[in-house]
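Data first, discussion second: the structure below is written as structure tokens.
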Amino acid sequence: MSWELFRKYRWIIISVLIFLATDLSVLGYNIYSSFKIAESAVSINLSGRQRMLSQRTTKVLLSLQDDARVGVSQEADLKELALVVNLFDTTLKGFRDGDTVTGGDGKPVFLVQVETDEARRIVSDAYEIWNPYLTKLQPLLKPGFSDTELTDVTTYARSNNLKLLGLMNDLTTDLEKTANQRALRLRAVQIGGLVFVLFNVLVTVFISIRDLMRGDRALVKARKETEEILGTVKEGLFLLDREHRLGSQYSQLLPEILQREVAPEMPFLPILEEMVSKEVYDSAKDYIELLFGERVKESLVTALNPLSQVEVRGKEGASHYLSFHFNRVLEEGKIAHLLVTVQDVTDLVQLTEQLEAAKGQSRVEVEVLLKLLSTDAGVLRQFLDNVGNGLAQINERLRSEDDSELARLHLLNHIMRIVHGIKGEAAALGIEIFEDYAHGFEKELVEMRSKGEVRGEDMVRITVLLDGFYERLASITNIAEKMAGSGGGDADEKYLQTFTESVQNLVARIAGDAQKEVSVVCDLADIVHLPRRVANELNSLCIQLLRNAVKHGIEMPEERETLGKPAVGEIRVECREVGRDEYEFIVRDDGRGISVKGIREVLVQKGLLSKEEAEALSVDAVMLKLFEPGFSTAKEADRDAGHGVGLDVVAEKIMQLRGQLTLNSKVQTFTEFKIRFTY
Amino acid sequence: MADITEQEIRVFVDAVNRYFEQITGEKARIRGSFLAEGETQLPIYDFTGLISLSGQYRGCIYFSATRILLMRLLLAMQEPRQTDAHMLDAVGEIANTLAGNAREYFGETMDISVPTTFHGFSDLLKSAVRKRPYVIMIKWKQYEAAVIVDVVRK
């Protein structure tokens, strides 16, 4: 029994112990008294017999005198005299010293010594009479006594018989008195014991009832407090047992938070299974098992909780976010339950998402702001106009009435070209957020195209992406408008500088990504004579050509050295006025050149042509394949190459400029794109 | 203002598609999608059913269909009467389906009005909250309809 248990029930235990002690004491005294009373009964009985024996002695003596006078035999009387004298003497001796004597039934019985002073005095007085009496009786107990001896003892008997009888009476009275007192004492002890036990029982009952009532009150109070807590808390609270059943009580808001009906002792896992994905459900089940495992430290597994923030399906299908926390409840050091706290954190999650979006938006704005400070306002405005036009074109094509499979594929290619163009321009201006978004957009388009069929559902996805693009455009336009008016200096000079820098930055970034070394030589002074619109078109076009030059033209430094070329590749970008309003725009690299054989192989590998068809193509026809949508010689797609979008954009821009392209190339020596146009 | 997601747009479009499948056994399909630049680009057909949203989401969603599509739909429903009132009832029922699905998906975060129906154009159909509302063009058999989602999340 624990100390706590003893403390709780100490009064009941003490009461029971007192009851037992009292009961045993009274019982012991009862046994002792019964034994004593039995002894007293023997004494009283024998004391009464002494009275009879004294009378019988006198009677026998008188009878002996009569026998002598009439001359009959005295033998019978003498035998009886010897018997009664002996009985009286031994019994008297028993009273005085305590001894075994012959009982009333002739059997030996132990006679206890008298206890009271009065009894001892009586016995002593009796001896004073009996001793001379016995001396005088002695001759009669032997054969041949004289008449004188008979007369002497008879005379003594006559004179003392009544005294002896009186003393034996007194002894009997005293013995009875002692026995009565003992019986009275026993009764008093019994009554006292009984009363005490009764009192003890009453006290115990009182204490027990008081403790029970106090316990009940505490229990009612505790239950009321628990109900108040469970009815007030804003979280879902419940206990989970080892069989994964809910406890008998749970917080009032639990069903509302779980959006499900719950009942005491209900299994928890089926509820969870309805709410979360199978993967989360399996992890949660493992986690709960882990928490019930005695060997695992609770603090170490908290991080594994798959339900700390989980999207759940409501009963009506709408999803919301819940946060479950599990804490062990120990009883005597063993895990008895898990206390589960559930909170609806939907608002918090949405707020966090909004905060993240706002943060992202701020990042965009700061980045754009920084870029704008170092960019020509005209260039930026043109860029934004281009983006706006591009998006409008996409949207216009999306409205197309033609929903055939082929039309959708064409639409997808068209959108890809526009997005790719925007990506290039954004990269040249260094607006990474825009570039990244366009890259993501482009990737999704490539994925759709790779599936082989473009479905109506894909159009919804494209529309959502387009909307995101519009949103970004609106943010940047907004900032650009706020910035308008700032800046200054020579516009042409600044435009030329920005154009040149954008070329250099783009080449540096693509070369860095591809781990190539490339220098750029720009001779673009005449570009400022062109209208900005045309110059911007050239910029878009130039971006694609530069990408191709770095990714496909310039070799890796080691390869160049093996071929006897300088490790650093060179790209030249020139814009020259060659006649009245007639210009040449040239992008030339000293890389590996265009391999007609290589293009043929790619056409066959991609299944676009059979080997025979590829071989049958003229060199010019092979070169033209480079300008078709979806063609790429890159092995892996990244943000600079591999999507099969690039030269088709160039071709489209040249058409818009009404220009003429001359493509010169020599394997392992150079590639040159020369665009001649007038405006 | 956070924007409405593709998944949320799909809830409405899927609701319409499922409706056609359940009623006629033949699914409607998405023909295409675009952003309406101003009210002139909103494809308002002969009959339109509209629900308005408030609460965490704001704006309106509507289903607009040609008379011929609705006639064909009523026939599929074995409804011989093909008056304008019956056409309006049909678009109202589809708008009701939109509301039901929205309620099921968004739960308490969306307060949804009872459907309103129109014959032809109504001022209520002007672009309400988005600069460019989403237009999802639908085709059932060879007939045209559209779901327009002009909703923003607060």
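Letters A, B, ... go to the chains of the structure tokens in the order shown; residues in each chain start at 1; ligands are counted from 1 in the same order.
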*Neighbour list for Phe95 (chain A) as a ChimeraX atom specification, cut-off 7 Å, only C-alpha atoms, skip fewer than 4 positions in-chain*: /A:91,111-114
Go ahead and write the residues just picked, N, CA and C atoms, as a PDB file, in the first residue's frame.
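New file selection-v2.pdb:
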ATOM      1  N   THR A  91     -10.142 -30.447  52.423  1.00  0.00           N
ATOM      2  CA  THR A  91     -10.802 -29.301  51.758  1.00  0.00           C
ATOM      3  C   THR A  91     -10.406 -28.003  52.441  1.00  0.00           C
ATOM      4  N   LEU A 111      -8.618 -26.934  44.006  1.00  0.00           N
ATOM      5  CA  LEU A 111      -9.294 -25.894  44.787  1.00  0.00           C
ATOM      6  C   LEU A 111      -8.287 -24.762  44.978  1.00  0.00           C
ATOM      7  N   VAL A 112      -8.691 -23.553  44.482  1.00  0.00           N
ATOM      8  CA  VAL A 112      -7.759 -22.438  44.614  1.00  0.00           C
ATOM      9  C   VAL A 112      -7.764 -21.882  46.023  1.00  0.00           C
ATOM     10  N   GLN A 113      -6.631 -21.336  46.381  1.00  0.00           N
ATOM     11  CA  GLN A 113      -6.471 -20.688  47.686  1.00  0.00           C
ATOM     12  C   GLN A 113      -7.415 -19.498  47.764  1.00  0.00           C
ATOM     13  N   VAL A 114      -7.991 -19.316  48.964  1.00  0.00           N
ATOM     14  CA  VAL A 114      -8.918 -18.182  49.093  1.00  0.00           C
ATOM     15  C   VAL A 114      -8.152 -16.895  48.843  1.00  0.00           C
TER      16      VAL A 114
END
_Taking 2 positions as the minimum chain separation for residues in the same chain, which residues sit within 9 Å of region 132-145 of chain B when counting only C-alpha atoms? Answer as an NGL selection string._
(:A and (399 or 456 or 459-460 or 463-464 or 467)) or (:B and (9 or 13 or 17 or 20 or 26-38 or 42-45 or 63-66 or 68-69 or 72 or 127-130 or 147-151))
*Up to 10 Å from chain B, what residues of chain A turn up? Count only C-alpha atoms and give them as an NGL selection string.*
:A and (313-320 or 350 or 353-354 or 357-358 or 392 or 394-404 or 408 or 455-468 or 470-471)
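CA of Ile14 (chain A) lies 11.1 Å from CA of Ile207 (chain A).
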Considering only C-alpha atoms, return as an mmCIF file with C-alpha atoms, in the first residue's frame whatever protein or nucleic-acid residues lie within 10 Å of region 262-275 of chain A, sequence-local ones (same chain, fewer than 5 positions apart) excluded.
data_model
loop_
_atom_site.group_PDB
_atom_site.id
_atom_site.type_symbol
_atom_site.label_atom_id
_atom_site.label_comp_id
_atom_site.auth_asym_id
_atom_site.auth_seq_id
_atom_site.Cartn_x
_atom_site.Cartn_y
_atom_site.Cartn_z
ATOM 1 C CA PHE A 238 -9.220 15.153 -26.218
ATOM 2 C CA LEU A 239 -7.435 12.134 -24.841
ATOM 3 C CA LEU A 240 -6.380 9.225 -26.973
ATOM 4 C CA ASP A 241 -5.896 5.780 -25.448
ATOM 5 C CA GLU A 243 -6.435 1.564 -28.763
ATOM 6 C CA HIS A 244 -6.593 4.997 -30.453
ATOM 7 C CA ARG A 245 -10.035 5.719 -29.039
ATOM 8 C CA LEU A 246 -11.169 9.148 -27.911
ATOM 9 C CA GLY A 247 -11.623 9.699 -24.177
ATOM 10 C CA SER A 248 -15.007 10.133 -22.480
ATOM 11 C CA GLN A 249 -14.650 13.909 -22.453
ATOM 12 C CA TYR A 250 -13.498 16.346 -25.102
ATOM 13 C CA LEU A 254 -13.770 19.672 -31.177
ATOM 14 C CA PRO A 255 -16.581 18.588 -33.556
ATOM 15 C CA GLU A 256 -16.669 22.083 -35.042
ATOM 16 C CA VAL A 280 -0.183 11.763 -44.216
ATOM 17 C CA TYR A 281 -2.514 9.248 -42.584
ATOM 18 C CA ASP A 282 0.142 6.513 -42.623
ATOM 19 C CA ALA A 284 0.380 10.057 -38.497
ATOM 20 C CA LYS A 285 -0.421 6.477 -37.511
ATOM 21 C CA VAL A 310 -1.969 19.772 -42.297
ATOM 22 C CA GLU A 311 -4.486 20.557 -44.988
ATOM 23 C CA VAL A 312 -7.609 18.558 -44.275
ATOM 24 C CA ARG A 313 -10.814 17.856 -46.121
ATOM 25 C CA GLY A 314 -13.890 19.133 -44.361
ATOM 26 C CA LYS A 315 -17.071 17.079 -44.269
ATOM 27 C CA GLY A 317 -15.361 18.879 -49.233
ATOM 28 C CA SER A 319 -10.274 22.103 -47.278
ATOM 29 C CA HIS A 320 -8.868 23.881 -44.281
#
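Atom to atom, CA of Ala438 (chain A) and CA of Leu406 (chain A) stand 24.0 Å apart.
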*What residues in region 4-57 of chain B get the DSSP label helix (DSSP H, G or I)? Please answer as a PyMOL selection string.*
chain B and resi 6-24+39-41
_Quick one: residues within 10 Å of region 662-673 of chain A, only C-alpha atoms, excluding same-chain residues fewer than 3 positions away - as a PyMOL selection string?_
chain A and resi 542+545+549+553-555+560+563+565+570-573+584-596+620+623+659+676
Convert the current residue selection to file output with N, CA and C atoms, as a CSV table (one decimal), in the first residue's frame.
chain,number,residue,atom,x,y,z
A,542,CYS,N,18.6,40.2,-81.4
A,542,CYS,CA,20.0,40.0,-81.0
A,542,CYS,C,20.2,39.0,-79.8
A,545,LEU,N,20.1,35.5,-81.0
A,545,LEU,CA,21.3,35.2,-81.7
A,545,LEU,C,22.5,35.0,-80.7
A,549,ALA,N,24.7,31.8,-80.1
A,549,ALA,CA,26.2,31.9,-80.3
A,549,ALA,C,26.9,31.3,-79.1
A,553,GLY,N,27.5,27.9,-80.5
A,553,GLY,CA,28.7,28.2,-81.3
A,553,GLY,C,30.0,28.1,-80.6
A,554,ILE,N,30.2,28.9,-79.6
A,554,ILE,CA,31.5,28.9,-78.9
A,554,ILE,C,31.7,27.5,-78.2
A,555,GLU,N,32.9,27.0,-78.4
A,555,GLU,CA,33.2,25.7,-77.8
A,555,GLU,C,33.8,25.9,-76.3
A,560,ARG,N,38.6,24.5,-77.6
A,560,ARG,CA,39.1,25.5,-78.5
A,560,ARG,C,40.7,25.4,-78.6
A,563,LEU,N,41.8,22.8,-80.8
A,563,LEU,CA,41.7,23.2,-82.2
A,563,LEU,C,42.6,24.3,-82.6
A,565,LYS,N,42.6,27.3,-81.3
A,565,LYS,CA,42.0,28.6,-81.2
A,565,LYS,C,42.3,29.2,-79.8
A,570,GLU,N,35.0,34.6,-79.2
A,570,GLU,CA,34.7,36.0,-79.4
A,570,GLU,C,33.4,36.1,-80.2
A,571,ILE,N,32.6,37.1,-79.7
A,571,ILE,CA,31.3,37.4,-80.5
A,571,ILE,C,31.4,38.8,-80.8
A,572,ARG,N,31.1,39.1,-82.1
A,572,ARG,CA,31.0,40.5,-82.5
A,572,ARG,C,29.6,40.8,-82.8
A,573,VAL,N,29.2,42.0,-82.3
A,573,VAL,CA,27.8,42.5,-82.6
A,573,VAL,C,28.0,43.9,-83.3
A,584,GLU,N,22.8,47.2,-91.7
A,584,GLU,CA,23.2,45.8,-91.6
A,584,GLU,C,23.4,45.5,-90.1
A,585,PHE,N,22.8,44.5,-89.6
A,585,PHE,CA,23.0,44.1,-88.2
A,585,PHE,C,23.6,42.7,-88.2
A,586,ILE,N,24.8,42.6,-87.6
A,586,ILE,CA,25.6,41.4,-87.7
A,586,ILE,C,25.9,40.8,-86.3
A,587,VAL,N,25.7,39.5,-86.2
A,587,VAL,CA,26.2,38.8,-85.0
A,587,VAL,C,27.0,37.7,-85.5
A,588,ARG,N,28.3,37.7,-85.1
A,588,ARG,CA,29.2,36.7,-85.6
A,588,ARG,C,30.0,36.1,-84.4
A,589,ASP,N,30.2,34.8,-84.5
A,589,ASP,CA,31.0,34.1,-83.4
A,589,ASP,C,32.1,33.3,-84.1
A,590,ASP,N,33.2,33.1,-83.4
A,590,ASP,CA,34.3,32.3,-83.9
A,590,ASP,C,34.2,30.9,-83.4
A,591,GLY,N,33.0,30.4,-83.3
A,591,GLY,CA,32.9,29.0,-82.7
A,591,GLY,C,32.9,27.9,-83.7
A,592,ARG,N,32.2,26.8,-83.4
A,592,ARG,CA,32.3,25.6,-84.2
A,592,ARG,C,31.5,25.6,-85.6
A,593,GLY,N,30.8,26.7,-85.8
A,593,GLY,CA,30.1,26.8,-87.1
A,593,GLY,C,28.9,25.9,-87.1
A,594,ILE,N,28.1,25.9,-88.2
A,594,ILE,CA,26.9,25.1,-88.3
A,594,ILE,C,27.3,23.8,-89.1
A,595,SER,N,27.0,22.7,-88.5
A,595,SER,CA,27.3,21.4,-89.2
A,595,SER,C,26.0,20.9,-89.9
A,596,VAL,N,26.0,20.9,-91.2
A,596,VAL,CA,24.9,20.5,-91.9
A,596,VAL,C,24.6,19.0,-91.6
A,620,ASP,N,20.6,24.3,-98.2
A,620,ASP,CA,19.8,25.5,-97.9
A,620,ASP,C,18.5,25.0,-97.1
A,623,MET,N,19.4,24.2,-93.6
A,623,MET,CA,19.6,25.4,-92.8
A,623,MET,C,18.3,26.0,-92.4
A,659,GLY,N,13.3,42.4,-93.3
A,659,GLY,CA,14.7,42.3,-93.5
A,659,GLY,C,15.0,41.1,-94.3
A,676,ARG,N,20.0,42.4,-93.2
A,676,ARG,CA,20.0,43.7,-94.0
A,676,ARG,C,18.5,44.2,-94.0
*Please identify which residues in region 314-500 of chain A DSSP calls strand (DSSP E or B) from the backbone, and express them as a PyMOL selection string.*
chain A and resi 319-331+334-344
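With only C-alpha atoms as the atoms that count, the minimum distance from Val26 (chain A) to the choices A:Arg187, A:Arg96, A:Lys278, A:Lys142 is reached by A:Arg187.
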*Find the residues around Val379 (chain A) up to 10 Å (only C-alpha atoms counted), leave out those fewer than 6 positions away in its own chain, and share them as number ranges by chain.*
A: 372, 385, 429, 494-495, 498-499, 532-533, 535-536
Save the residues we just selected, C-alpha atoms, as a PDB file, in the first residue's frame?
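Written out: again_21.pdb:
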ATOM      1  CA  LEU A 372      15.056  51.128 -63.201  1.00  0.00           C
ATOM      2  CA  ASP A 385       5.287  47.895 -74.224  1.00  0.00           C
ATOM      3  CA  LEU A 429      17.632  44.018 -68.825  1.00  0.00           C
ATOM      4  CA  LYS A 494      22.469  56.356 -72.703  1.00  0.00           C
ATOM      5  CA  TYR A 495      20.479  54.129 -75.050  1.00  0.00           C
ATOM      6  CA  THR A 498      22.266  50.348 -72.173  1.00  0.00           C
ATOM      7  CA  PHE A 499      22.067  48.351 -75.396  1.00  0.00           C
ATOM      8  CA  ARG A 532      13.752  53.117 -80.932  1.00  0.00           C
ATOM      9  CA  ARG A 533      11.028  50.730 -82.004  1.00  0.00           C
ATOM     10  CA  ALA A 535      16.292  49.261 -82.280  1.00  0.00           C
ATOM     11  CA  ASN A 536      14.231  47.387 -79.702  1.00  0.00           C
TER      12      ASN A 536
END
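CA of Thr346 (chain A) is positioned 19.9 Å from CA of Glu261 (chain A).
Contact shell of Ala119 (chain A) at 9 Å (only C-alpha atoms; same-chain neighbours under 2 positions omitted): Phe95, Val114, Glu115, Thr116, Asp117, Arg121, Ile122, Val123, Ser124, Asp170, Leu171, Thr172, Asp174 and Leu175 of chain A.
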